[in-house]
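Asker: Structure: protein11.txt, compact mmCIF, N, CA and C atoms.
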```txt
# COMPACT_ATOMS: atom_id res chain seq x y z
N MET A 1 -2.47 19.88 6.57
CA MET A 1 -1.33 20.67 6.99
C MET A 1 -1.22 21.91 6.10
N ALA A 2 -1.03 23.05 6.73
CA ALA A 2 -0.94 24.31 6.00
C ALA A 2 0.38 24.40 5.24
N ARG A 3 0.31 25.06 4.11
CA ARG A 3 1.53 25.35 3.36
C ARG A 3 2.25 26.51 4.06
N LYS A 4 3.54 26.68 3.73
CA LYS A 4 4.33 27.76 4.32
C LYS A 4 4.64 28.81 3.26
N ALA A 5 4.40 30.08 3.62
CA ALA A 5 4.69 31.18 2.72
C ALA A 5 5.62 32.18 3.39
N LEU A 6 6.51 32.76 2.59
CA LEU A 6 7.33 33.87 3.04
C LEU A 6 6.87 35.11 2.28
N ILE A 7 6.43 36.11 3.03
CA ILE A 7 5.94 37.37 2.46
C ILE A 7 7.02 38.42 2.68
N VAL A 8 7.53 38.98 1.59
CA VAL A 8 8.63 39.94 1.69
C VAL A 8 8.21 41.27 1.08
N ASP A 9 8.12 42.28 1.92
CA ASP A 9 7.76 43.63 1.46
C ASP A 9 8.21 44.60 2.53
N ASP A 10 8.71 45.75 2.13
CA ASP A 10 9.14 46.73 3.12
C ASP A 10 7.95 47.45 3.78
N SER A 11 6.76 47.24 3.26
CA SER A 11 5.55 47.84 3.83
C SER A 11 4.84 46.83 4.74
N ALA A 12 4.73 47.17 6.02
CA ALA A 12 4.03 46.29 6.97
C ALA A 12 2.57 46.11 6.59
N SER A 13 1.95 47.16 6.03
CA SER A 13 0.54 47.05 5.66
C SER A 13 0.34 46.10 4.48
N VAL A 14 1.27 46.06 3.54
CA VAL A 14 1.18 45.12 2.42
C VAL A 14 1.37 43.69 2.94
N ARG A 15 2.35 43.49 3.82
CA ARG A 15 2.56 42.16 4.38
C ARG A 15 1.31 41.69 5.12
N ALA A 16 0.70 42.58 5.89
CA ALA A 16 -0.51 42.22 6.64
C ALA A 16 -1.66 41.89 5.69
N ALA A 17 -1.81 42.65 4.62
CA ALA A 17 -2.88 42.40 3.66
C ALA A 17 -2.70 41.05 2.98
N VAL A 18 -1.48 40.74 2.58
CA VAL A 18 -1.20 39.45 1.93
C VAL A 18 -1.47 38.32 2.91
N LYS A 19 -1.00 38.47 4.13
CA LYS A 19 -1.20 37.44 5.16
C LYS A 19 -2.69 37.21 5.39
N ASN A 20 -3.46 38.26 5.41
CA ASN A 20 -4.90 38.15 5.59
C ASN A 20 -5.56 37.41 4.43
N ILE A 21 -5.14 37.70 3.22
CA ILE A 21 -5.70 37.02 2.05
C ILE A 21 -5.34 35.53 2.07
N LEU A 22 -4.11 35.22 2.46
CA LEU A 22 -3.70 33.81 2.51
C LEU A 22 -4.49 33.02 3.54
N GLY A 23 -4.88 33.70 4.61
CA GLY A 23 -5.71 33.06 5.64
C GLY A 23 -5.03 31.88 6.29
N GLU A 24 -5.84 30.96 6.75
CA GLU A 24 -5.33 29.79 7.48
C GLU A 24 -4.73 28.72 6.57
N GLU A 25 -4.89 28.89 5.26
CA GLU A 25 -4.35 27.91 4.33
C GLU A 25 -2.82 27.94 4.27
N PHE A 26 -2.24 29.05 4.76
CA PHE A 26 -0.79 29.20 4.77
C PHE A 26 -0.31 29.61 6.15
N GLU A 27 0.78 29.01 6.56
CA GLU A 27 1.52 29.48 7.73
C GLU A 27 2.47 30.54 7.16
N ALA A 28 2.23 31.79 7.50
CA ALA A 28 2.96 32.89 6.87
C ALA A 28 4.08 33.41 7.76
N GLU A 29 5.24 33.54 7.16
CA GLU A 29 6.41 34.14 7.78
C GLU A 29 6.63 35.46 7.03
N GLU A 30 7.11 36.48 7.72
CA GLU A 30 7.31 37.77 7.08
C GLU A 30 8.77 38.20 7.11
N ALA A 31 9.16 38.98 6.10
CA ALA A 31 10.48 39.62 6.06
C ALA A 31 10.27 41.03 5.52
N GLU A 32 10.94 41.99 6.14
CA GLU A 32 10.76 43.39 5.75
C GLU A 32 11.77 43.87 4.72
N ASN A 33 12.71 43.00 4.34
CA ASN A 33 13.68 43.39 3.32
C ASN A 33 14.30 42.15 2.68
N GLY A 34 15.04 42.38 1.61
CA GLY A 34 15.62 41.27 0.86
C GLY A 34 16.66 40.48 1.63
N LEU A 35 17.46 41.15 2.41
CA LEU A 35 18.49 40.47 3.19
C LEU A 35 17.87 39.53 4.22
N ASN A 36 16.83 40.01 4.89
CA ASN A 36 16.11 39.19 5.87
C ASN A 36 15.44 38.00 5.17
N ALA A 37 14.94 38.23 3.95
CA ALA A 37 14.30 37.16 3.18
C ALA A 37 15.30 36.05 2.87
N ILE A 38 16.48 36.42 2.41
CA ILE A 38 17.49 35.41 2.09
C ILE A 38 17.88 34.64 3.35
N PHE A 39 18.03 35.34 4.47
CA PHE A 39 18.34 34.67 5.72
C PHE A 39 17.27 33.63 6.06
N LYS A 40 16.00 34.02 5.96
CA LYS A 40 14.90 33.11 6.30
C LYS A 40 14.82 31.95 5.32
N LEU A 41 15.04 32.22 4.04
CA LEU A 41 15.02 31.14 3.05
C LEU A 41 16.14 30.13 3.31
N GLU A 42 17.27 30.61 3.75
CA GLU A 42 18.42 29.75 4.04
C GLU A 42 18.24 28.97 5.34
N ASN A 43 17.63 29.59 6.34
CA ASN A 43 17.62 29.00 7.68
C ASN A 43 16.31 28.37 8.12
N ILE A 44 15.20 28.85 7.61
CA ILE A 44 13.91 28.27 8.01
C ILE A 44 13.54 27.14 7.06
N LYS A 45 13.77 27.37 5.78
CA LYS A 45 13.55 26.37 4.73
C LYS A 45 12.10 25.88 4.64
N ASP A 46 11.88 24.96 3.75
CA ASP A 46 10.59 24.30 3.55
C ASP A 46 9.43 25.24 3.22
N PHE A 47 9.71 26.37 2.58
CA PHE A 47 8.63 27.24 2.14
C PHE A 47 8.03 26.67 0.86
N ASP A 48 6.72 26.82 0.73
CA ASP A 48 6.02 26.41 -0.48
C ASP A 48 5.81 27.58 -1.43
N LEU A 49 5.94 28.79 -0.89
CA LEU A 49 5.60 29.98 -1.65
C LEU A 49 6.42 31.17 -1.17
N LEU A 50 6.89 31.97 -2.12
CA LEU A 50 7.54 33.24 -1.84
C LEU A 50 6.72 34.32 -2.53
N ILE A 51 6.29 35.32 -1.77
CA ILE A 51 5.61 36.48 -2.32
C ILE A 51 6.51 37.66 -1.99
N ILE A 52 7.07 38.30 -3.03
CA ILE A 52 8.11 39.30 -2.80
C ILE A 52 7.88 40.57 -3.61
N ASP A 53 8.15 41.70 -2.96
CA ASP A 53 8.05 43.01 -3.60
C ASP A 53 9.25 43.22 -4.51
N TYR A 54 9.03 43.88 -5.62
CA TYR A 54 10.11 44.17 -6.56
C TYR A 54 11.00 45.29 -6.03
N ASN A 55 10.39 46.39 -5.58
CA ASN A 55 11.14 47.57 -5.13
C ASN A 55 11.22 47.61 -3.61
N MET A 56 12.44 47.40 -3.10
CA MET A 56 12.69 47.49 -1.67
C MET A 56 14.05 48.14 -1.47
N PRO A 57 14.21 48.86 -0.37
CA PRO A 57 15.54 49.41 -0.07
C PRO A 57 16.52 48.27 0.23
N GLY A 58 17.78 48.52 0.01
CA GLY A 58 18.78 47.46 0.21
C GLY A 58 18.73 46.52 -0.97
N LEU A 59 18.50 45.24 -0.72
CA LEU A 59 18.37 44.25 -1.80
C LEU A 59 16.96 44.34 -2.38
N SER A 60 16.87 44.55 -3.67
CA SER A 60 15.57 44.58 -4.34
C SER A 60 15.03 43.17 -4.51
N GLY A 61 13.76 43.08 -4.85
CA GLY A 61 13.17 41.77 -5.14
C GLY A 61 13.91 41.06 -6.26
N GLU A 62 14.29 41.81 -7.27
CA GLU A 62 15.03 41.21 -8.39
C GLU A 62 16.37 40.65 -7.92
N GLU A 63 17.07 41.37 -7.05
CA GLU A 63 18.35 40.88 -6.54
C GLU A 63 18.16 39.62 -5.69
N VAL A 64 17.08 39.57 -4.93
CA VAL A 64 16.79 38.37 -4.14
C VAL A 64 16.52 37.19 -5.08
N ILE A 65 15.74 37.43 -6.13
CA ILE A 65 15.43 36.38 -7.11
C ILE A 65 16.72 35.87 -7.76
N GLU A 66 17.61 36.79 -8.11
CA GLU A 66 18.89 36.38 -8.71
C GLU A 66 19.69 35.52 -7.73
N GLU A 67 19.69 35.89 -6.46
CA GLU A 67 20.41 35.12 -5.44
C GLU A 67 19.79 33.73 -5.27
N ILE A 68 18.48 33.67 -5.23
CA ILE A 68 17.78 32.39 -5.09
C ILE A 68 18.13 31.46 -6.24
N SER A 69 18.22 32.02 -7.44
CA SER A 69 18.47 31.20 -8.63
C SER A 69 19.81 30.47 -8.56
N LYS A 70 20.71 30.91 -7.69
CA LYS A 70 22.03 30.29 -7.55
C LYS A 70 22.04 29.16 -6.52
N LYS A 71 20.95 28.98 -5.81
CA LYS A 71 20.92 28.03 -4.69
C LYS A 71 20.00 26.86 -5.03
N ASP A 72 20.58 25.70 -5.21
CA ASP A 72 19.82 24.52 -5.64
C ASP A 72 18.62 24.20 -4.76
N HIS A 73 18.75 24.35 -3.47
CA HIS A 73 17.67 23.94 -2.57
C HIS A 73 16.47 24.90 -2.55
N ILE A 74 16.61 26.09 -3.12
CA ILE A 74 15.47 27.02 -3.14
C ILE A 74 15.18 27.61 -4.51
N LYS A 75 15.94 27.25 -5.52
CA LYS A 75 15.79 27.91 -6.81
C LYS A 75 14.51 27.53 -7.57
N LYS A 76 13.76 26.59 -7.06
CA LYS A 76 12.50 26.21 -7.70
C LYS A 76 11.30 26.60 -6.85
N LEU A 77 11.50 27.51 -5.91
CA LEU A 77 10.45 27.94 -5.00
C LEU A 77 9.36 28.70 -5.76
N ASN A 78 8.11 28.28 -5.63
CA ASN A 78 6.98 28.99 -6.24
C ASN A 78 7.03 30.45 -5.80
N THR A 79 7.06 31.36 -6.77
CA THR A 79 7.27 32.76 -6.45
C THR A 79 6.28 33.66 -7.17
N ILE A 80 5.77 34.65 -6.41
CA ILE A 80 4.91 35.69 -6.94
C ILE A 80 5.61 37.02 -6.68
N MET A 81 5.77 37.82 -7.73
CA MET A 81 6.40 39.14 -7.61
C MET A 81 5.30 40.19 -7.49
N LEU A 82 5.39 41.01 -6.44
CA LEU A 82 4.48 42.14 -6.26
C LEU A 82 5.22 43.40 -6.68
N THR A 83 4.52 44.31 -7.34
CA THR A 83 5.22 45.51 -7.80
C THR A 83 4.27 46.62 -8.19
N THR A 84 4.81 47.81 -8.27
CA THR A 84 4.11 48.94 -8.88
C THR A 84 4.68 49.16 -10.27
N GLU A 85 5.70 48.40 -10.62
CA GLU A 85 6.38 48.53 -11.92
C GLU A 85 5.51 48.00 -13.07
N THR A 86 5.46 48.76 -14.12
CA THR A 86 4.77 48.31 -15.33
C THR A 86 5.75 48.22 -16.50
N ASP A 87 7.02 48.45 -16.25
CA ASP A 87 8.06 48.43 -17.26
C ASP A 87 8.22 47.01 -17.83
N ARG A 88 7.98 46.84 -19.13
CA ARG A 88 8.06 45.53 -19.79
C ARG A 88 9.45 44.91 -19.67
N GLU A 89 10.49 45.74 -19.77
CA GLU A 89 11.85 45.21 -19.70
C GLU A 89 12.11 44.56 -18.34
N LYS A 90 11.68 45.20 -17.28
CA LYS A 90 11.85 44.62 -15.94
C LYS A 90 11.03 43.34 -15.81
N HIS A 91 9.83 43.36 -16.35
CA HIS A 91 8.97 42.18 -16.31
C HIS A 91 9.65 41.02 -17.05
N GLU A 92 10.20 41.30 -18.21
CA GLU A 92 10.86 40.26 -19.00
C GLU A 92 12.08 39.68 -18.28
N ARG A 93 12.84 40.54 -17.58
CA ARG A 93 14.00 40.05 -16.83
C ARG A 93 13.55 39.07 -15.74
N ILE A 94 12.47 39.39 -15.07
CA ILE A 94 11.96 38.53 -14.01
C ILE A 94 11.40 37.23 -14.59
N LYS A 95 10.70 37.32 -15.73
CA LYS A 95 10.14 36.12 -16.37
C LYS A 95 11.23 35.12 -16.76
N ALA A 96 12.45 35.58 -16.91
CA ALA A 96 13.55 34.67 -17.26
C ALA A 96 13.80 33.65 -16.15
N PHE A 97 13.38 33.97 -14.94
CA PHE A 97 13.50 33.03 -13.82
C PHE A 97 12.22 32.20 -13.79
N SER A 98 12.30 30.96 -14.20
CA SER A 98 11.10 30.13 -14.38
C SER A 98 10.30 29.91 -13.10
N PHE A 99 10.93 30.04 -11.94
CA PHE A 99 10.20 29.83 -10.70
C PHE A 99 9.32 31.01 -10.31
N VAL A 100 9.47 32.16 -11.00
CA VAL A 100 8.58 33.31 -10.77
C VAL A 100 7.38 33.13 -11.70
N GLN A 101 6.29 32.60 -11.14
CA GLN A 101 5.14 32.26 -11.97
C GLN A 101 4.20 33.43 -12.22
N CYS A 102 4.19 34.42 -11.33
CA CYS A 102 3.21 35.50 -11.45
C CYS A 102 3.82 36.85 -11.11
N TRP A 103 3.26 37.87 -11.74
CA TRP A 103 3.68 39.26 -11.56
C TRP A 103 2.40 40.02 -11.25
N ILE A 104 2.23 40.50 -10.03
CA ILE A 104 1.01 41.19 -9.63
C ILE A 104 1.29 42.67 -9.44
N ILE A 105 0.53 43.50 -10.16
CA ILE A 105 0.65 44.95 -10.01
C ILE A 105 -0.15 45.37 -8.78
N LYS A 106 0.50 46.10 -7.87
CA LYS A 106 -0.18 46.61 -6.68
C LYS A 106 -1.20 47.66 -7.09
N PRO A 107 -2.26 47.85 -6.35
CA PRO A 107 -2.50 47.31 -5.02
C PRO A 107 -2.91 45.84 -5.08
N ILE A 108 -2.51 45.12 -4.06
CA ILE A 108 -2.84 43.70 -3.95
C ILE A 108 -4.31 43.58 -3.55
N THR A 109 -5.01 42.67 -4.20
CA THR A 109 -6.42 42.42 -3.87
C THR A 109 -6.61 40.91 -3.73
N PRO A 110 -7.66 40.51 -3.02
CA PRO A 110 -7.94 39.06 -2.93
C PRO A 110 -8.09 38.42 -4.31
N LYS A 111 -8.74 39.12 -5.23
CA LYS A 111 -8.97 38.58 -6.57
C LYS A 111 -7.64 38.35 -7.31
N LYS A 112 -6.74 39.34 -7.27
CA LYS A 112 -5.45 39.20 -7.96
C LYS A 112 -4.61 38.08 -7.35
N LEU A 113 -4.51 38.07 -6.02
CA LEU A 113 -3.68 37.06 -5.38
C LEU A 113 -4.28 35.67 -5.55
N SER A 114 -5.59 35.56 -5.46
CA SER A 114 -6.24 34.25 -5.65
C SER A 114 -6.00 33.72 -7.06
N ALA A 115 -6.06 34.59 -8.06
CA ALA A 115 -5.80 34.15 -9.44
C ALA A 115 -4.38 33.59 -9.56
N ALA A 116 -3.43 34.26 -8.92
CA ALA A 116 -2.04 33.79 -8.95
C ALA A 116 -1.91 32.46 -8.21
N LEU A 117 -2.55 32.34 -7.07
CA LEU A 117 -2.46 31.10 -6.29
C LEU A 117 -3.12 29.93 -7.01
N LYS A 118 -4.20 30.19 -7.73
CA LYS A 118 -4.85 29.13 -8.52
C LYS A 118 -3.93 28.65 -9.63
N LYS A 119 -3.14 29.56 -10.18
CA LYS A 119 -2.19 29.19 -11.23
C LYS A 119 -1.09 28.28 -10.67
N ILE A 120 -0.68 28.55 -9.45
CA ILE A 120 0.41 27.79 -8.83
C ILE A 120 -0.07 26.51 -8.16
N PHE A 121 -1.17 26.63 -7.39
CA PHE A 121 -1.69 25.50 -6.62
C PHE A 121 -3.07 25.14 -7.17
N ASN A 122 -3.17 24.01 -7.80
CA ASN A 122 -4.42 23.59 -8.44
C ASN A 122 -5.58 23.48 -7.46
N ASP A 123 -5.29 23.23 -6.19
CA ASP A 123 -6.36 23.03 -5.22
C ASP A 123 -6.76 24.31 -4.48
N TRP A 124 -6.22 25.46 -4.88
CA TRP A 124 -6.56 26.72 -4.20
C TRP A 124 -8.00 27.10 -4.52
N LYS A 125 -8.82 27.27 -3.49
CA LYS A 125 -10.24 27.56 -3.71
C LYS A 125 -10.73 28.80 -2.98
N ARG A 126 -9.87 29.45 -2.24
CA ARG A 126 -10.29 30.62 -1.49
C ARG A 126 -10.55 31.79 -2.42
N PHE A 127 -11.59 32.53 -2.22
CA PHE A 127 -12.04 33.71 -2.98
C PHE A 127 -12.53 33.33 -4.33
```
Could you express the structure from this file as structure tokens?
Answerer:
Amino acid sequence: MARKALIVDDSASVRAAVKNILGEEFEAEEAENGLNAIFKLENIKDFDLLIIDYNMPGLSGEEVIEEISKKDHIKKLNTIMLTTETDREKHERIKAFSFVQCWIIKPITPKKLSAALKKIFNDWKRF
């Protein structure tokens, strides 16, 4: 049975690239903004993985992470943060949320995402 992932990024091309890298190992759901992500996390449930962009219009990735941390049923969701940010202070704020296991600097590549997935899922063997 495939795992379920929620890919959140305001860029359709980034969402498509991530979905392609995940392949058939994940049933991927997409959200184009933070508000839509929270709605899907609340209503679809049972996600194994959240891959979310840091910088988005409306609710940022950090604001979504803060909201998730308040909800018992999703606050331990395996999470990968995608970003163009290299600011250590922002990175440290995100690291404070223990469920955010990885911080990937864009552009996203199969090698970067696979390394993050291997860290989270011991059985990940793609790429």
Asker: Report, in Å with one decimal, the straight-line distance from atom C of Leu6 in chain A to CA of Ser98 in chain A.
Answerer: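 About the pair atom C of Leu6 in chain A and CA of Ser98 in chain A: they are 17.9 Å apart.
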Asker: So the first atom is CA of Lys112 in chain A and the second is atom C of Leu49 in chain A; what is the distance between them in Å, to one decimal place?
Answerer: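 Atom-to-atom, CA of Lys112 in chain A to atom C of Leu49 in chain A, that is 15.9 Å.
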Asker: Which polymer residues, whether protein, DNA or RNA, lie within 12 Å of the coordinate (-3.2, 44.0, -12.4) when you count only C-alpha atoms? List them as number ranges by chain, using the chain letters and numbers from the file.
Answerer: A: 81-86, 102-113, 115-116
Asker: Which of chain A counts as helix (DSSP H, G or I) under DSSP, as a PyMOL selection string please?
Answerer: chain A and resi 12-25+34-43+61-68+88-95+110-120
Asker: To one decimal place, how far is atom C of Leu41 in chain A from atom C of Glu67 in chain A in Å?
Answerer: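 Separation of atom C of Leu41 in chain A and atom C of Glu67 in chain A: 10.0 Å.
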Asker: Compile the contact shell of Glu25 in chain A as a ChimeraX atom specification: residues with an atom at most 12 Å away, counting only C-alpha atoms, same-chain residues fewer than 6 positions apart removed.
Answerer: /A:1-5,19,48-49,114,117,121,123-126
Asker: Residues near Ala37 in chain A, anyone? I mean within 10 Å using only C-alpha atoms, not counting same-chain ones fewer than 3 positions away, as a PyMOL selection string.
Answerer: chain A and resi 6-9+29-34+40-43+50+52+59+61+64
Asker: Keeping only N, CA and C atoms, write the selected residues as a short mmCIF file (atom, residue, chain, number, x, y, z; two decimals), in the coordinates of the input.
Answerer:
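The resulting file, out.cif, is shown below:
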```cif
data_model
loop_
_atom_site.label_atom_id
_atom_site.label_comp_id
_atom_site.auth_asym_id
_atom_site.auth_seq_id
_atom_site.Cartn_x
_atom_site.Cartn_y
_atom_site.Cartn_z
N LEU A 6 6.51 32.76 2.59
CA LEU A 6 7.33 33.87 3.04
C LEU A 6 6.87 35.11 2.28
N ILE A 7 6.43 36.11 3.03
CA ILE A 7 5.94 37.37 2.46
C ILE A 7 7.02 38.42 2.68
N VAL A 8 7.53 38.98 1.59
CA VAL A 8 8.63 39.94 1.69
C VAL A 8 8.21 41.27 1.08
N ASP A 9 8.12 42.28 1.92
CA ASP A 9 7.76 43.63 1.46
C ASP A 9 8.21 44.60 2.53
N GLU A 29 5.24 33.54 7.16
CA GLU A 29 6.41 34.14 7.78
C GLU A 29 6.63 35.46 7.03
N GLU A 30 7.11 36.48 7.72
CA GLU A 30 7.31 37.77 7.08
C GLU A 30 8.77 38.20 7.11
N ALA A 31 9.16 38.98 6.10
CA ALA A 31 10.48 39.62 6.06
C ALA A 31 10.27 41.03 5.52
N GLU A 32 10.94 41.99 6.14
CA GLU A 32 10.76 43.39 5.75
C GLU A 32 11.77 43.87 4.72
N ASN A 33 12.71 43.00 4.34
CA ASN A 33 13.68 43.39 3.32
C ASN A 33 14.30 42.15 2.68
N GLY A 34 15.04 42.38 1.61
CA GLY A 34 15.62 41.27 0.86
C GLY A 34 16.66 40.48 1.63
N LYS A 40 16.00 34.02 5.96
CA LYS A 40 14.90 33.11 6.30
C LYS A 40 14.82 31.95 5.32
N LEU A 41 15.04 32.22 4.04
CA LEU A 41 15.02 31.14 3.05
C LEU A 41 16.14 30.13 3.31
N GLU A 42 17.27 30.61 3.75
CA GLU A 42 18.42 29.75 4.04
C GLU A 42 18.24 28.97 5.34
N ASN A 43 17.63 29.59 6.34
CA ASN A 43 17.62 29.00 7.68
C ASN A 43 16.31 28.37 8.12
N LEU A 50 6.89 31.97 -2.12
CA LEU A 50 7.54 33.24 -1.84
C LEU A 50 6.72 34.32 -2.53
N ILE A 52 7.07 38.30 -3.03
CA ILE A 52 8.11 39.30 -2.80
C ILE A 52 7.88 40.57 -3.61
N LEU A 59 18.50 45.24 -0.72
CA LEU A 59 18.37 44.25 -1.80
C LEU A 59 16.96 44.34 -2.38
N GLY A 61 13.76 43.08 -4.85
CA GLY A 61 13.17 41.77 -5.14
C GLY A 61 13.91 41.06 -6.26
N VAL A 64 17.08 39.57 -4.93
CA VAL A 64 16.79 38.37 -4.14
C VAL A 64 16.52 37.19 -5.08
#
```
Asker: If you run DSSP on the backbone here, which positions in range 22-116 of chain A get strand (DSSP E)? Please write them as a list of chain:residue names.
Answerer: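 Residues meeting the strand (DSSP E) criterion: A:Phe26, A:Glu27, A:Ala28, A:Glu29, A:Glu30, A:Ala31, A:Leu49, A:Leu50, A:Ile51, A:Ile52, A:Asp53, A:Thr79, A:Ile80, A:Met81, A:Leu82, A:Thr83, A:Val100, A:Gln101, A:Cys102, A:Trp103, A:Ile104, A:Ile105.
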Asker: Taking all atoms of range 25-36 of chain A that appear in the file, build a box with edges along x, y and z, extend it by 6 Å on every side, and state its centre and edge lengths in Å to one decimal, as JSON.
Answerer:
```
{"center_x": 6.8, "center_y": 35.9, "center_z": 4.3, "size_x": 35.4, "size_y": 28.0, "size_z": 18.9}
```
Asker: Counting only C-alpha atoms, figure out which residue out of A:Phe26, A:Phe47, A:Tyr54, A:Phe99 gets nearest to Thr79 in chain A.
Answerer: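 Smallest distance to Thr79 in chain A is found for A:Phe99.
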Asker: Counting only C-alpha atoms, which residue out of A:His73, A:Ala16, A:Ser11, A:Lys118 sits closest to Lys45 in chain A?
Answerer: A:His73
